[in-house]
Structures are given as structure tokens and as C-alpha cells.
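The structure under discussion appears below in the form of C-alpha cells.
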Amino acid sequence: MYTYSDFDAAFVAERNRQFRQQVERRIDGSLTEDEFKPFRLMNGLYLQLHAYMLRVAIPYGTLRSEQMEMLAHLAETYDKGYGHFTTRQNIQYNWPELGDIPNMLDDLAKVEMHAIQTSGNTIRNVTADHFAGAAADEVADPRPVAEMIRQWSTDHPEFQALPRKFKIAVTGAQADRAVIRAHDIGLRLHEQNGELGAEVIVGGGLGRTPMIGKTIAEWVSLEDLPAYLESVVSVWNLLGRRDNKYKSRIKITVHEHGIDDIRARVADRYELVRPAYNGAHMDLFHQIAAQFGSPAFRNVPTDAYGAAYKADPVFRSWADTNLSAHKVDGYAIVQISLKAHGETPGDASAEQMRAMARIARDYGHDELRISHEQNVVLPHVHTSDLPAVHDILKAHGLATANIGLISDIIACPGMDYCALATARSIPIAQEIATRFDELKLEHEIGELKIKISGCINACGHHHVGHIGILGLDRAGVENYQVTLGGDHTETLALGDRTGPGFSAEEIVPAMERIVDTYLAHRDGPEETFLQAYRRLGMDPFKTALYGEQPSKRTKAA
Amino acid sequence: MTIIVRDDGFHADDQTDFLDLASDTDPATLDPSLAKNIRIAFPSSADGRGFSLARILRLQGFTGRLRAAGHVLSDQYAMARRCGFDEVEIPDDLAERQPAEQWLFRADWRAHDYQARMRG
Ligand code: SF4
């Protein structure tokens, strides 16, 4: 894993020193809230519905156990004892006091973390495949590239007052676990003639105008990548719309000008920008990459796993849902669900964070990841240790066996925290999870992703949920629109609206009707909800939700 | 009236002749031989187009004086310098609210610069 250079450490210390001074000036009144705003936005501090919120970057979702322990310490010391992991591999603290923020940032710096560029119109925390370095289907490890991009984008002088925020995601595997086509820039690492480079995808994004990203370059060599990224962002900085913040993201720029026009402009800018990189970035890259070697994998018998799998049905159920294939024999990737039925998706208490840190230290080569699905990943666990790991998880309420199932819901903070929300999303997620747990149906249903957003900004990624739920406000009443058939993987697709929305009371029964329809029509348990939807289309679901459609009847007659 | 900010603090305007460029200038029209001195407008601190315009001019080989003029905040001073501006011109009222020591606090713009590290 990457550890800070002296340069990184000095940079963060200096930023914290500056911000401490700015916070003091805000508290003693010499800065108004308006004047303070640009400073706090540079440092991940938001003003929310009830309080300040600090968003801490977890670069490409990667943590060591001491870092997770520090996150627990912050939750306990400065917040209400828990933290909230987000869909962008960050953690948010919802209740800190302004006066404590500088101390929180200094604490974070002790374990090489910060909150820089987690807010504001800048290049945000770069995200990556949460199975990086462990996945069996990996072509290239995305973390060194993501770290290079982190350093390249941090404090980039040209890009601190962009038209809007800018998000980059990187993957190096066949499966896309980083939703790269829903980012301002998505990078898919692959080799060409034995040289590592990246397909560059631009202009994806969800929000009120969802767009699937388009390929602007099939392959850019690693060496050319920073200059290429710089050219894309520079072109957008000058061309992106600043008259309307809903039209300012690069997806709209690409949509309005066309991908060919943007490609030509980027090629032009690239001519100018590329010579300014003299190769020092590659030295830096090699230094970074050297730090991402594989841990010392053990080659020991796996019998303990087989025995527990046979003997313990609870362990078996957990192993069946929460484990993924590792690139090394005898190892597994473990996903820890932060979606216990009835709890807030993505929340973890300080005690749970410490338990996960301890497991990572004792059984997981000291590594943890945060997934964009708001779960925690132990990327390297030897299968013989899984029974012990499962026992500890159980003792801390972390052994929910529901990864990828209907209760593994992504939900944005919604009305409970977010100033922009038009409806609640967390309580809806809780009700759905609780209901399907009561029905004892979720393993029968199999893979089904529900994603919920509390307003049109789509932080809950509802467009790409197999079932998406969007909470709106209709004349003061919450109304939930439903979409079906979204897909957040390499076959990215936006869901289709079912029709009129549902009230808060109707939404759980509506979910039941959708699921019943799927169970009644599927070819068998092997046919997932998404596959069945693609085969069947909207009609049977529409009928189940709204009754027989008159127009259909005429057609049939 | 306006104040000129440089690395050593506030100065009175020395009234040089500048070619004025708006923040929405088409980058295709930029050329290092446009003028000897160029002043780029920052209508708001959230409008960062001037940073890209300055950078393009410098990459094209512009060697004259480059000034950022308008609503630039002291925290953006380092950004402006790193993008190739020589100085910043701010209105008097802004200078009153952001006195010289706030700008001097950020005058060490060469320190802690990731980009400089990346470019060797
Ligand atoms: S989708 Fe809307 S309600 Fe939910 S977090 Fe984003 S802005 Fe807030």
C-alpha cells in the first residue's frame, strides 16, 4: 500500500495549518460564513441540514488497519460514535463541531489521510475497483494509476475553480466494479503491444440528466495519461457551461458539442500540454507502483474452511453470498455488509470499525477497502481463517449474509441529513430490507440491487439499480418513482420508468409486487432479475404495479 | 481604484498598457504575439477560466507580463502564480477585506507544489 512521501506529509500539514487559522478567524467572527465558504469547501467541510459535515477522502477506497482505527477514533471523539461510508469511497461525519475540525484533520494526518478536494468544484477523490490487487479477473492493478492521479489532481492550480465538480474512476479488470461509464472520466486499464495504458471514457454521469460515458481514446499510454487528462479537463474548464449549474458537468459539454468535436479540441490542447511533462511523472509512478506489491500470501491447507462450510449453515450462507474469487489459490475476497436489516446503509459504529481493523490486521494482510456499494472489503483472507473471521464479524453485528441481494441497498442520506433532499431515502431502505427479511425470500430472489436517491441529484445511483427508487416531493408529499433494468457494471444501462410514482406507504408493497412478478416469470433460479427483465420487458411488471393497461387490452383483442 | 498584489505584498497600479481578455475568450484566438502585456478578467472567484487561459498563453511561449484582474481571493494567489500570472489586480474593497498579510501568507507559492514535482 502507498505510504506518504515527505512531500505528501508536508503538503497536508501545511494545508491543515492554513485551515486551522481560517477556522479560528471564522469562530472569532473576522470571517463571515460567506467568506469562510471557499476555505471550508477546499477542505471537505459542508454545511448540512443540522450541522457541519466533514467528508474524509479514502483514496481509491484503500485503508490500512491503523487508518480504520483512526476513523473509529474520530467517530467516537468528535461525532456521535459512528461514521457513514459513501458511494464514492469516502467517509462522512455528520455531527462535528466547527472548533474540532482542525484537530480532526491533524488526527487524520497522523495516519496519512485528509479531506482535501472532497468538496467544491475541483477534481474529487479518485475512485477505483474495490477488489484491486485481489480480483481473479484483473488485468492491471488500478491503484498505482489512481495514486498518480491523486497526486496530479491535488491542488492542481488550473483546476481549483472548475465549472463544477469532476470525478474520475479507474478499473483494471474485465468486470467493471467502479462504474467507470458513469463518471466524468472513466479509465479502463489495458495493454497494447505489451505496454500499459488506458481506454479513456468521458462524459458519463447520473444526476438529473443521466448519461453513459463515451470513449474519447481507445488507448493512451501511461506516460501520456497525465497530459491527456489535463487536456480533457482544460478543454472543459473553458468550454463547460457556467450559466446553469445543472448544465455544467462535462457530460452536457460532450452532449452539446459531440464527442468528435471534444476529441479534436483535446488533441489540440494535448499538443501544447504534453511537452511540459518531461518524464519525472514516470519516475514518480514507478516509485508509487513499487509500493503496491502483493502481500506475502500464505500457502497452507484450507481444510478448516471446508469443515466449517459443511458443519455450519450460517457460515455457509455467509460464505455463499459474501465471498468472491481471489487471484491466489486458497484465498478469498471477503465483503463485510454494512447493510444489516433495518440499519442505515453504510453506517458503521466506532466499535465495528475497530473490529474490522483488528480482523484486517490479524487475518487480512492489514488491508481494507470501502466499496462504492457502501460495504467494507477485506481483499486478502486465507480461506482457513474464514471461520474465525466470521465469528468475530458475528459478534459485532457485521456478519449479515446479503451482499448483492435485495437488502444490500445503496441509499443516499436523503431527508435525514441532506439539505437538497426532496424525500427520505434511508427509512425506505430500512423498511424494504426489514420486509424482505421477514418474508425470508432474499436468498430465493438472488442477485437484485435496489438503489435509492432522495432527490433528482441521484447520489444513490438509482438510475443504475436493477430497481431504482427516486424520492420526489409532489405538493408536499413524498412520491417515489421506480425504474427497472438499470445496470451498474460493464454493461452499464439506465433503468426505465415504470409509470406514476408511489407514496411512502405504497413503495414497499410495490417492491413486493415487482419481486413476485419476477419470481413467477423467471426461467428458474439461474435467471437473475436483470436477465428476466431484459427478456420480459416492462409489461408484466407494469401490469403487476398498475393493473391491466387498457391500451394493451385493445392490442390483444 | 485597484491594488496590485505581488509576492512582496500590495502595490499601487503602475498603469501599464494591457490587452484585456475576458474570461470567456476562445482559446483558439490566443497567440503569444497578441500583445506585450495581457490582463485576464476574473469576474468571480468561482470562474477559473482565467487559469487555463494563462496556462495556454505560457505554454505557447508568451513571455510578457500577465495579470489576473478582478475577484481573485488570497487563497487563489498561489494558483494564479503557478498558472503563469505575474501579479493580481484586485479592487480596493476586496483589498480592504483581504489585507496584505493574508496574501503574504500564501506568497510561498513555489512550496508544496505537486505539479512542479510531476514535471521534474
Ligand atoms: S441524491 Fe439528493 S438527497 Fe440524496 S444525497 Fe444527493 S443531493 Fe442529497
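Each chain in the C-alpha cells gets a letter, A, B, ..., in the order shown, and its residues are numbered from 1; ligands are numbered from 1 in order too.
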
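Taking only C-alpha atoms, the non-local environment of His114 in chain A within 8 Å (same-chain residues fewer than 3 positions away omitted) comprises Val12, Val56, Ala57, Leu105, Leu108 and Ala109 of chain A.
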
Would you save the residues from that selection as a PDB file, in the first residue's frame, using all heavy atoms?
ATOM      1  N   VAL A  12       0.137  18.138   3.415  1.00  0.00           N
ATOM      2  CA  VAL A  12      -1.073  18.030   4.236  1.00  0.00           C
ATOM      3  C   VAL A  12      -0.925  18.867   5.512  1.00  0.00           C
ATOM      4  O   VAL A  12      -1.856  19.572   5.918  1.00  0.00           O
ATOM      5  CB  VAL A  12      -1.391  16.554   4.563  1.00  0.00           C
ATOM      6  CG1 VAL A  12      -2.521  16.452   5.571  1.00  0.00           C
ATOM      7  CG2 VAL A  12      -1.748  15.792   3.291  1.00  0.00           C
ATOM      8  N   VAL A  56     -14.269  12.833   4.570  1.00  0.00           N
ATOM      9  CA  VAL A  56     -12.861  12.445   4.545  1.00  0.00           C
ATOM     10  C   VAL A  56     -12.609  11.548   3.336  1.00  0.00           C
ATOM     11  O   VAL A  56     -13.372  10.613   3.082  1.00  0.00           O
ATOM     12  CB  VAL A  56     -12.502  11.685   5.844  1.00  0.00           C
ATOM     13  CG1 VAL A  56     -11.070  11.181   5.801  1.00  0.00           C
ATOM     14  CG2 VAL A  56     -12.737  12.570   7.058  1.00  0.00           C
ATOM     15  N   ALA A  57     -11.550  11.839   2.601  1.00  0.00           N
ATOM     16  CA  ALA A  57     -11.220  11.045   1.415  1.00  0.00           C
ATOM     17  C   ALA A  57     -10.588   9.719   1.819  1.00  0.00           C
ATOM     18  O   ALA A  57      -9.721   9.675   2.687  1.00  0.00           O
ATOM     19  CB  ALA A  57     -10.257  11.818   0.520  1.00  0.00           C
ATOM     20  N   LEU A 105      -8.576  17.000  11.507  1.00  0.00           N
ATOM     21  CA  LEU A 105      -7.686  16.937  10.340  1.00  0.00           C
ATOM     22  C   LEU A 105      -6.257  16.590  10.757  1.00  0.00           C
ATOM     23  O   LEU A 105      -5.569  15.830  10.073  1.00  0.00           O
ATOM     24  CB  LEU A 105      -7.731  18.263   9.564  1.00  0.00           C
ATOM     25  CG  LEU A 105      -9.092  18.575   8.926  1.00  0.00           C
ATOM     26  CD1 LEU A 105      -9.083  19.952   8.272  1.00  0.00           C
ATOM     27  CD2 LEU A 105      -9.477  17.517   7.884  1.00  0.00           C
ATOM     28  N   LEU A 108      -6.177  12.924  11.390  1.00  0.00           N
ATOM     29  CA  LEU A 108      -6.155  12.185  10.128  1.00  0.00           C
ATOM     30  C   LEU A 108      -4.753  12.197   9.514  1.00  0.00           C
ATOM     31  O   LEU A 108      -4.281  11.185   8.983  1.00  0.00           O
ATOM     32  CB  LEU A 108      -7.155  12.798   9.137  1.00  0.00           C
ATOM     33  CG  LEU A 108      -8.625  12.498   9.413  1.00  0.00           C
ATOM     34  CD1 LEU A 108      -9.514  13.401   8.571  1.00  0.00           C
ATOM     35  CD2 LEU A 108      -8.944  11.030   9.114  1.00  0.00           C
ATOM     36  N   ALA A 109      -4.094  13.355   9.608  1.00  0.00           N
ATOM     37  CA  ALA A 109      -2.756  13.474   9.017  1.00  0.00           C
ATOM     38  C   ALA A 109      -1.779  12.483   9.652  1.00  0.00           C
ATOM     39  O   ALA A 109      -0.858  12.006   8.992  1.00  0.00           O
ATOM     40  CB  ALA A 109      -2.242  14.906   9.158  1.00  0.00           C
TER      41      ALA A 109
END

Do you have, as JSON lines, the list of residues of chain A lying at most 12 Å from ligand 1, each with its nearest atom pair and that distance in Å to one decimal, counting only C-alpha atoms and all ligand atoms and ordered by chain then number?
{"residue": "A:Gln48", "atom": "CA", "partner": "ligand 1", "partner_atom_place_in_ligand_line": "8 (Fe)", "distance": 9.7}
{"residue": "A:Leu49", "atom": "CA", "partner": "ligand 1", "partner_atom_place_in_ligand_line": "8 (Fe)", "distance": 10.2}
{"residue": "A:Thr86", "atom": "CA", "partner": "ligand 1", "partner_atom_place_in_ligand_line": "5 (S)", "distance": 9.5}
{"residue": "A:Thr87", "atom": "CA", "partner": "ligand 1", "partner_atom_place_in_ligand_line": "5 (S)", "distance": 10.0}
{"residue": "A:Arg88", "atom": "CA", "partner": "ligand 1", "partner_atom_place_in_ligand_line": "5 (S)", "distance": 11.6}
{"residue": "A:Gln92", "atom": "CA", "partner": "ligand 1", "partner_atom_place_in_ligand_line": "5 (S)", "distance": 11.7}
{"residue": "A:Leu206", "atom": "CA", "partner": "ligand 1", "partner_atom_place_in_ligand_line": "1 (S)", "distance": 10.1}
{"residue": "A:Gly207", "atom": "CA", "partner": "ligand 1", "partner_atom_place_in_ligand_line": "1 (S)", "distance": 7.8}
{"residue": "A:Arg208", "atom": "CA", "partner": "ligand 1", "partner_atom_place_in_ligand_line": "1 (S)", "distance": 9.6}
{"residue": "A:Ile410", "atom": "CA", "partner": "ligand 1", "partner_atom_place_in_ligand_line": "4 (Fe)", "distance": 10.7}
{"residue": "A:Ala411", "atom": "CA", "partner": "ligand 1", "partner_atom_place_in_ligand_line": "4 (Fe)", "distance": 7.7}
{"residue": "A:Cys412", "atom": "CA", "partner": "ligand 1", "partner_atom_place_in_ligand_line": "4 (Fe)", "distance": 4.5}
{"residue": "A:Pro413", "atom": "CA", "partner": "ligand 1", "partner_atom_place_in_ligand_line": "5 (S)", "distance": 5.0}
{"residue": "A:Gly414", "atom": "CA", "partner": "ligand 1", "partner_atom_place_in_ligand_line": "3 (S)", "distance": 3.8}
{"residue": "A:Met415", "atom": "CA", "partner": "ligand 1", "partner_atom_place_in_ligand_line": "3 (S)", "distance": 6.2}
{"residue": "A:Asp416", "atom": "CA", "partner": "ligand 1", "partner_atom_place_in_ligand_line": "3 (S)", "distance": 8.7}
{"residue": "A:Tyr417", "atom": "CA", "partner": "ligand 1", "partner_atom_place_in_ligand_line": "8 (Fe)", "distance": 7.7}
{"residue": "A:Cys418", "atom": "CA", "partner": "ligand 1", "partner_atom_place_in_ligand_line": "8 (Fe)", "distance": 4.6}
{"residue": "A:Ala419", "atom": "CA", "partner": "ligand 1", "partner_atom_place_in_ligand_line": "8 (Fe)", "distance": 6.5}
{"residue": "A:Leu420", "atom": "CA", "partner": "ligand 1", "partner_atom_place_in_ligand_line": "7 (S)", "distance": 5.0}
{"residue": "A:Ala421", "atom": "CA", "partner": "ligand 1", "partner_atom_place_in_ligand_line": "3 (S)", "distance": 3.4}
{"residue": "A:Thr422", "atom": "CA", "partner": "ligand 1", "partner_atom_place_in_ligand_line": "3 (S)", "distance": 6.4}
{"residue": "A:Ala423", "atom": "CA", "partner": "ligand 1", "partner_atom_place_in_ligand_line": "3 (S)", "distance": 7.0}
{"residue": "A:Arg424", "atom": "CA", "partner": "ligand 1", "partner_atom_place_in_ligand_line": "3 (S)", "distance": 7.7}
{"residue": "A:Ser425", "atom": "CA", "partner": "ligand 1", "partner_atom_place_in_ligand_line": "4 (Fe)", "distance": 7.4}
{"residue": "A:Ile426", "atom": "CA", "partner": "ligand 1", "partner_atom_place_in_ligand_line": "4 (Fe)", "distance": 9.6}
{"residue": "A:Lys451", "atom": "CA", "partner": "ligand 1", "partner_atom_place_in_ligand_line": "1 (S)", "distance": 10.7}
{"residue": "A:Ile452", "atom": "CA", "partner": "ligand 1", "partner_atom_place_in_ligand_line": "1 (S)", "distance": 8.1}
{"residue": "A:Ser453", "atom": "CA", "partner": "ligand 1", "partner_atom_place_in_ligand_line": "1 (S)", "distance": 4.5}
{"residue": "A:Gly454", "atom": "CA", "partner": "ligand 1", "partner_atom_place_in_ligand_line": "3 (S)", "distance": 3.8}
{"residue": "A:Cys455", "atom": "CA", "partner": "ligand 1", "partner_atom_place_in_ligand_line": "2 (Fe)", "distance": 3.8}
{"residue": "A:Ile456", "atom": "CA", "partner": "ligand 1", "partner_atom_place_in_ligand_line": "2 (Fe)", "distance": 5.9}
{"residue": "A:Asn457", "atom": "CA", "partner": "ligand 1", "partner_atom_place_in_ligand_line": "1 (S)", "distance": 4.5}
{"residue": "A:Ala458", "atom": "CA", "partner": "ligand 1", "partner_atom_place_in_ligand_line": "1 (S)", "distance": 4.1}
{"residue": "A:Cys459", "atom": "CA", "partner": "ligand 1", "partner_atom_place_in_ligand_line": "1 (S)", "distance": 4.0}
{"residue": "A:Gly460", "atom": "CA", "partner": "ligand 1", "partner_atom_place_in_ligand_line": "1 (S)", "distance": 5.7}
{"residue": "A:His461", "atom": "CA", "partner": "ligand 1", "partner_atom_place_in_ligand_line": "1 (S)", "distance": 8.0}
{"residue": "A:His462", "atom": "CA", "partner": "ligand 1", "partner_atom_place_in_ligand_line": "1 (S)", "distance": 8.9}
{"residue": "A:His463", "atom": "CA", "partner": "ligand 1", "partner_atom_place_in_ligand_line": "1 (S)", "distance": 11.3}
{"residue": "A:Ile469", "atom": "CA", "partner": "ligand 1", "partner_atom_place_in_ligand_line": "1 (S)", "distance": 10.7}
{"residue": "A:Leu470", "atom": "CA", "partner": "ligand 1", "partner_atom_place_in_ligand_line": "1 (S)", "distance": 8.3}
{"residue": "A:Gly471", "atom": "CA", "partner": "ligand 1", "partner_atom_place_in_ligand_line": "3 (S)", "distance": 8.2}
{"residue": "A:Leu472", "atom": "CA", "partner": "ligand 1", "partner_atom_place_in_ligand_line": "3 (S)", "distance": 9.4}
{"residue": "A:Asp473", "atom": "CA", "partner": "ligand 1", "partner_atom_place_in_ligand_line": "3 (S)", "distance": 11.2}

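Here CA of Ala80 in chain B is placed at a distance of 7.4 Å from CA of Ala68 in chain B.
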
Under the rule of at most 10 Å, produce a per-residue listing of chain A near chain B: chain, number, name, the closest pair of atoms, and the distance in Å, as a Markdown table, using only C-alpha atoms.
| residue | atom | partner | partner_atom | distance |
| --- | --- | --- | --- | --- |
| A:Phe7 | CA | B:His112 | CA | 7.0 |
| A:Asp8 | CA | B:His112 | CA | 8.3 |
| A:Ala9 | CA | B:His112 | CA | 9.8 |
| A:Ala10 | CA | B:His112 | CA | 7.2 |
| A:Phe11 | CA | B:His112 | CA | 5.3 |
| A:Val12 | CA | B:His112 | CA | 9.0 |
| A:Glu14 | CA | B:His112 | CA | 8.2 |
| A:Arg15 | CA | B:His112 | CA | 9.5 |
| A:Gln18 | CA | B:Phe105 | CA | 8.7 |
| A:Ser30 | CA | B:Arg97 | CA | 9.5 |
| A:Leu31 | CA | B:Arg97 | CA | 9.3 |
| A:Glu35 | CA | B:Arg97 | CA | 9.6 |
| A:Pro38 | CA | B:Asp75 | CA | 8.9 |
| A:Phe39 | CA | B:Asp75 | CA | 8.0 |
| A:Met42 | CA | B:Asp75 | CA | 9.9 |
| A:Gly120 | CA | B:Ala46 | CA | 9.8 |
| A:Asn121 | CA | B:Ala46 | CA | 8.3 |
| A:Met148 | CA | B:Met118 | CA | 9.3 |
| A:Arg150 | CA | B:Tyr114 | CA | 9.8 |
| A:Gln151 | CA | B:Tyr114 | CA | 6.3 |
| A:Trp152 | CA | B:Gln115 | CA | 6.4 |
| A:Ser153 | CA | B:Tyr114 | CA | 8.3 |
| A:Thr154 | CA | B:Tyr114 | CA | 7.0 |
| A:Asp155 | CA | B:Tyr114 | CA | 7.2 |
| A:His156 | CA | B:Gln115 | CA | 6.7 |
| A:Pro157 | CA | B:Met79 | CA | 4.4 |
| A:Glu158 | CA | B:Phe51 | CA | 5.2 |
| A:Phe159 | CA | B:Gly48 | CA | 7.3 |
| A:Gln160 | CA | B:Gly48 | CA | 7.0 |
| A:Ala161 | CA | B:Gly48 | CA | 4.4 |
| A:Leu162 | CA | B:Gly48 | CA | 5.8 |
| A:Pro163 | CA | B:Asp47 | CA | 7.3 |
| A:Arg164 | CA | B:Ala46 | CA | 9.6 |
| A:Pro226 | CA | B:Met118 | CA | 9.4 |
| A:Val233 | CA | B:Ser52 | CA | 9.6 |
| A:Ser234 | CA | B:Ser52 | CA | 6.3 |
| A:Val235 | CA | B:Ser52 | CA | 8.6 |
| A:Trp236 | CA | B:Arg49 | CA | 9.6 |
| A:Asn237 | CA | B:Arg49 | CA | 6.0 |
| A:Leu238 | CA | B:Arg49 | CA | 5.4 |
| A:Leu239 | CA | B:Asp24 | CA | 8.5 |
| A:Gly240 | CA | B:Arg49 | CA | 9.7 |
| A:Arg242 | CA | B:Asp47 | CA | 8.0 |
| A:Arg265 | CA | B:Ala28 | CA | 9.5 |
| A:Asp268 | CA | B:Ala28 | CA | 9.5 |
| A:Arg269 | CA | B:Ile56 | CA | 8.4 |
| A:Leu272 | CA | B:Leu59 | CA | 6.3 |
| A:Val273 | CA | B:Leu59 | CA | 7.1 |
| A:Arg274 | CA | B:Leu59 | CA | 10.0 |
| A:Pro275 | CA | B:Leu59 | CA | 9.0 |
| A:Ala276 | CA | B:Arg119 | CA | 6.8 |
| A:Tyr277 | CA | B:Arg119 | CA | 5.1 |
| A:Asn278 | CA | B:Arg119 | CA | 6.0 |
| A:Gly279 | CA | B:Arg119 | CA | 7.1 |
| A:Ala280 | CA | B:Gly120 | CA | 4.8 |
| A:His281 | CA | B:Met118 | CA | 4.6 |
| A:Met282 | CA | B:Met118 | CA | 8.3 |
| A:Asp283 | CA | B:Met118 | CA | 8.8 |
| A:Leu284 | CA | B:Met118 | CA | 7.2 |
| A:Phe285 | CA | B:Met118 | CA | 9.4 |

Based on the selection just made, write C-alpha atoms of those residues as a PDB file, in the first residue's frame.
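Output file part29.pdb is given in full below:
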ATOM      1  CA  PHE A   7       6.366  15.774   0.328  1.00  0.00           C
ATOM      2  CA  ASP A   8       2.826  14.424   0.874  1.00  0.00           C
ATOM      3  CA  ALA A   9       3.154  14.784   4.645  1.00  0.00           C
ATOM      4  CA  ALA A  10       4.449  18.350   4.445  1.00  0.00           C
ATOM      5  CA  PHE A  11       1.717  19.293   1.985  1.00  0.00           C
ATOM      6  CA  VAL A  12      -1.073  18.030   4.236  1.00  0.00           C
ATOM      7  CA  GLU A  14       0.678  22.965   5.620  1.00  0.00           C
ATOM      8  CA  ARG A  15      -2.929  22.786   4.439  1.00  0.00           C
ATOM      9  CA  GLN A  18      -3.786  27.187   6.931  1.00  0.00           C
ATOM     10  CA  SER A  30     -13.461  38.034  11.405  1.00  0.00           C
ATOM     11  CA  LEU A  31     -14.730  35.825   8.572  1.00  0.00           C
ATOM     12  CA  GLU A  35     -16.187  34.385   3.227  1.00  0.00           C
ATOM     13  CA  PRO A  38     -14.454  28.765  -0.147  1.00  0.00           C
ATOM     14  CA  PHE A  39     -11.956  27.770   2.560  1.00  0.00           C
ATOM     15  CA  MET A  42     -11.318  23.292  -0.101  1.00  0.00           C
ATOM     16  CA  GLY A 120     -16.016  22.149  -4.195  1.00  0.00           C
ATOM     17  CA  ASN A 121     -15.647  22.492  -7.954  1.00  0.00           C
ATOM     18  CA  MET A 148      -0.637   9.062  -9.580  1.00  0.00           C
ATOM     19  CA  ARG A 150      -4.460  11.703  -6.840  1.00  0.00           C
ATOM     20  CA  GLN A 151      -1.092  13.472  -6.760  1.00  0.00           C
ATOM     21  CA  TRP A 152      -1.576  15.018 -10.174  1.00  0.00           C
ATOM     22  CA  SER A 153      -5.014  16.404  -9.297  1.00  0.00           C
ATOM     23  CA  THR A 154      -4.269  17.528  -5.722  1.00  0.00           C
ATOM     24  CA  ASP A 155      -4.043  21.292  -5.619  1.00  0.00           C
ATOM     25  CA  HIS A 156      -3.781  21.394  -9.432  1.00  0.00           C
ATOM     26  CA  PRO A 157      -3.530  25.140  -9.977  1.00  0.00           C
ATOM     27  CA  GLU A 158      -5.562  25.213 -13.177  1.00  0.00           C
ATOM     28  CA  PHE A 159      -8.436  23.167 -11.787  1.00  0.00           C
ATOM     29  CA  GLN A 160      -9.489  24.703  -8.471  1.00  0.00           C
ATOM     30  CA  ALA A 161     -12.410  26.711  -9.863  1.00  0.00           C
ATOM     31  CA  LEU A 162     -13.915  24.396 -12.462  1.00  0.00           C
ATOM     32  CA  PRO A 163     -17.445  24.771 -13.846  1.00  0.00           C
ATOM     33  CA  ARG A 164     -18.499  22.006 -11.449  1.00  0.00           C
ATOM     34  CA  PRO A 226      -1.485  12.879 -17.103  1.00  0.00           C
ATOM     35  CA  VAL A 233     -10.143  18.952 -18.043  1.00  0.00           C
ATOM     36  CA  SER A 234      -8.605  22.101 -19.518  1.00  0.00           C
ATOM     37  CA  VAL A 235     -10.859  21.957 -22.587  1.00  0.00           C
ATOM     38  CA  TRP A 236     -13.906  21.514 -20.366  1.00  0.00           C
ATOM     39  CA  ASN A 237     -12.774  24.268 -17.967  1.00  0.00           C
ATOM     40  CA  LEU A 238     -13.006  26.751 -20.850  1.00  0.00           C
ATOM     41  CA  LEU A 239     -15.916  25.194 -22.734  1.00  0.00           C
ATOM     42  CA  GLY A 240     -18.169  23.892 -19.950  1.00  0.00           C
ATOM     43  CA  ARG A 242     -21.133  28.294 -16.251  1.00  0.00           C
ATOM     44  CA  ARG A 265     -10.200  20.044 -29.120  1.00  0.00           C
ATOM     45  CA  ASP A 268      -5.174  20.297 -29.992  1.00  0.00           C
ATOM     46  CA  ARG A 269      -4.646  21.096 -26.333  1.00  0.00           C
ATOM     47  CA  LEU A 272       0.556  22.113 -26.177  1.00  0.00           C
ATOM     48  CA  VAL A 273       0.398  20.343 -22.821  1.00  0.00           C
ATOM     49  CA  ARG A 274       2.331  17.144 -23.471  1.00  0.00           C
ATOM     50  CA  PRO A 275       5.844  18.668 -23.853  1.00  0.00           C
ATOM     51  CA  ALA A 276       5.550  20.170 -20.356  1.00  0.00           C
ATOM     52  CA  TYR A 277       5.841  16.638 -18.951  1.00  0.00           C
ATOM     53  CA  ASN A 278       9.481  15.656 -19.154  1.00  0.00           C
ATOM     54  CA  GLY A 279       9.314  12.170 -17.675  1.00  0.00           C
ATOM     55  CA  ALA A 280       9.563  12.996 -13.977  1.00  0.00           C
ATOM     56  CA  HIS A 281       5.992  11.763 -13.605  1.00  0.00           C
ATOM     57  CA  MET A 282       7.082   8.288 -14.712  1.00  0.00           C
ATOM     58  CA  ASP A 283       9.827   8.172 -12.061  1.00  0.00           C
ATOM     59  CA  LEU A 284       7.151   9.096  -9.585  1.00  0.00           C
ATOM     60  CA  PHE A 285       4.840   6.452 -10.997  1.00  0.00           C
TER      61      PHE A 285
END

Inset, instruction - Report as number ranges by chain: the residues of range 185-414 of chain A with a DSSP assignment of strand (DSSP E), based on the backbone of this structure. - result: A: 185-192, 195-202, 214-221, 323-325, 331-336, 347-349, 367-370, 376-382, 410-411

Inset, instruction - List the neighbours of Trp103 in chain B out to 8 Å using only C-alpha atoms; skip same-chain residues closer than 3 positions along the sequence, and give me the result as a ChimeraX atom specification. - result: /B:5,9,74-75,77,98-100,106-107

Using C-alpha atoms, can you write the selected residues to a file as a PDB file, in the first residue's frame?
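Just written: part31.pdb:
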ATOM      1  CA  VAL B   5      -0.646  42.141  -5.430  1.00  0.00           C
ATOM      2  CA  GLY B   9       2.623  42.463  -0.935  1.00  0.00           C
ATOM      3  CA  SER B  74      -5.948  35.467  -1.444  1.00  0.00           C
ATOM      4  CA  ASP B  75      -6.168  31.676  -1.351  1.00  0.00           C
ATOM      5  CA  TYR B  77      -2.878  33.641  -5.294  1.00  0.00           C
ATOM      6  CA  GLN B  98      -8.351  40.670   2.410  1.00  0.00           C
ATOM      7  CA  PRO B  99      -5.425  42.716   3.718  1.00  0.00           C
ATOM      8  CA  ALA B 100      -1.844  42.270   2.564  1.00  0.00           C
ATOM      9  CA  ARG B 106       0.108  32.455   0.504  1.00  0.00           C
ATOM     10  CA  ALA B 107       3.069  34.085  -1.238  1.00  0.00           C
TER      11      ALA B 107
END

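Distances here use only C-alpha atoms; by that measure, the residue among A:Leu386, A:Ile450, A:Leu98, A:Ala520 closest to Ala319 in chain A is A:Leu386.
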
Inset, instruction - Write down as an NGL selection string the residues belonging to chain B that are assigned alpha helix (DSSP H) by DSSP computed on the backbone. - result: :B and (49-60 or 77-83 or 92-97 or 100-104 or 114-118)
